[in-house]
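Heads up, the thing below is written out as structure tokens.
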Amino acid sequence: MSTDLIHLNVGGTTYTTTKSTLARYPDSMLGAMFNGSLPTTKDECGRYFIDRNGEMFQYILDFLRSSHLSLPEGFKQLELLSVEADFYQIQPLIAQINALQQKSSLASGTRGHFIEIVECRLGSEATMPTKNSRVKTVLLGRKDVITALPIAANEGQLEKLRYLSDSVFTELELNGSNIRLKMAEHLQESGWQLTTSNMTSSATYCNDDGDVLLELTYRDRWFQPVR
């Protein structure tokens with residue numbers, strides 16, 4: 001199965017794995033790279049080049065192999081790993097890291113609530129990142145926490161959230177111009193702390209003419225201590 005082998009250069013660190021391992025999660029950036037949806041770059045030795053943190057990629061690759069996050073005892077770079085997982089958009093890995101971060105906060109005696117604000121901006125090379133691109137902003141978190149926030153949602157949305165959603169955790173689409181930045185101001189004024197803020201990007205060809213469609217995703221993670 002040597003034809004299935006893939007040689008990688010991640011920020012100067014080399015790895016060898018298989019195409020099936022890298023494409024384990026088709027919706028991830030790596031899945032898109034190795035199914036032909038995203039363009040790839042090779043170094044002078046013919047290895048696929050990814051300009052990211054080479055040291056952190058070992059944990060990304062181990063997760064792709066086993067679907068389990070395994071970190072050494074006393075690991076102190078969880079925030080950095082979170083940034084890398086968000087870049088590669090491996091959702092099960094992101095979920096496991098988030099769970100570890102919350103567990104770490106509880107262990108340190110700091111209790112509180114987490115929410116995430118995700119903004120997806122879609123457009124062509126000619127329109128990004130201007131207002132001509134299509135924007136969707138979603139707030140994710142506990143239902144009781146979200147309904148208590150000063151958010152730009154109409155009353156119909158809030159009523160649906162309060163009474164029609166049975167899940168403890170939910171999401172709500174936010175409306176309005178620059179709503180992600182406005183929410184950041186409201187949250188800071190209300191005592192929330194921004195723990196991570198990441199931006200990832202991807203590109204795909206959208207028609208036979210070779211036009212490139214870009215997608216930028218901004219992900220802000222907020223924490224509110226509860227005394």
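Ordered as shown in the structure tokens, chains take letters A, B, and onward, while each chain numbers its residues from 1 and ligands are numbered from 1 in the order shown.
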Mind checking which residues fall within 7 Å of Gly11 of chain A, counting only C-alpha atoms, ignoring those fewer than 2 positions away in the same chain, and posting them as a compact mmCIF listing (two decimals) with C-alpha atoms, in the first residue's frame?
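Output file around.txt follows:
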# COMPACT_ATOMS: atom_id res chain seq x y z
CA ASN A 9 6.48 18.88 5.91
CA THR A 13 9.01 18.93 10.78
CA ILE A 50 1.72 22.98 5.61
CA ASP A 51 2.92 26.22 7.16
CA ARG A 52 1.84 25.45 10.72
CA ASN A 53 3.35 24.39 14.06
CA GLY A 54 5.26 21.17 13.39
Inset, instruction - Give me every strand (DSSP E) residue in segment 10-109 of chain A, going by DSSP on the backbone, as a list in words. - result: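 Filtering segment 10-109 of chain A to strand (DSSP E) leaves Val10, Thr13, Thr14, Tyr15, Thr16, Thr17, Thr18, Tyr48, Phe49 and Ile50 of chain A.
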Legend entry - Test item: residues at most 12 Å from Lys42 of chain A, only C-alpha atoms, excluding those fewer than 2 positions along its chain, as a VMD selection string: chain A and resid 6 to 10 39 to 40 44 to 51
Mind writing the picked residues with C-alpha atoms as a compact mmCIF listing (two decimals), in the first residue's frame?
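File result.txt, as written:
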# COMPACT_ATOMS: atom_id res chain seq x y z
CA ILE A 6 1.83 10.63 2.29
CA HIS A 7 4.97 12.56 3.23
CA LEU A 8 4.37 15.87 4.99
CA ASN A 9 6.48 18.88 5.91
CA VAL A 10 4.66 20.76 8.67
CA PRO A 39 -5.07 23.28 -3.51
CA THR A 40 -1.86 21.86 -2.03
CA GLU A 44 11.60 20.89 -2.83
CA CYS A 45 11.60 17.21 -1.82
CA GLY A 46 8.04 16.60 -3.00
CA ARG A 47 6.51 16.53 0.49
CA TYR A 48 3.17 18.25 1.06
CA PHE A 49 3.93 21.51 2.86
CA ILE A 50 1.72 22.98 5.61
CA ASP A 51 2.92 26.22 7.16
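The spacing separating atom CA of Leu22 of chain A from atom CA of Arg65 of chain A amounts to 8.4 Å.
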Inset, instruction - Could you give me, as number ranges by chain, each residue of segment 2-200 of chain A that DSSP assigns to helix (DSSP H, G or I) when run on this structure's backbone? - result: A: 2-4, 19-22, 29-33, 57-66, 78-88, 91-107, 143-147, 155-164, 179-189
Inset, instruction - Using only C-alpha atoms, find the one residue out of A:Gln188, A:Thr17, A:Ser37, A:Ser70 that sits nearest to Ser202 of chain A. - result: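 Of A:Gln188, A:Thr17, A:Ser37, A:Ser70, the one nearest Ser202 of chain A, counting only C-alpha atoms, is A:Ser37.
Comparing the minimum interatomic distances between Ala32 of chain A and each of A:Tyr15, A:Trp222, A:Trp192, A:Tyr88, counting only C-alpha atoms, we find that A:Tyr88 sits nearest.
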Legend entry - Between atom CA of Asp43 of chain A and atom CA of Thr217 of chain A - distance in Å to one decimal: 26.9 Å
Legend entry - Gln89 of chain A surroundings by only C-alpha atoms, 10 Å radius, close-in-sequence under 3 positions cut, as a count of residues only: 16
Legend entry - Best match for closeness to Leu80 of chain A among A:Ser67, A:Thr196, A:Arg221, A:Ala99, counting only C-alpha atoms: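 Among A:Ser67, A:Thr196, A:Arg221, A:Ala99, it is A:Thr196 that comes nearest to Leu80 of chain A.
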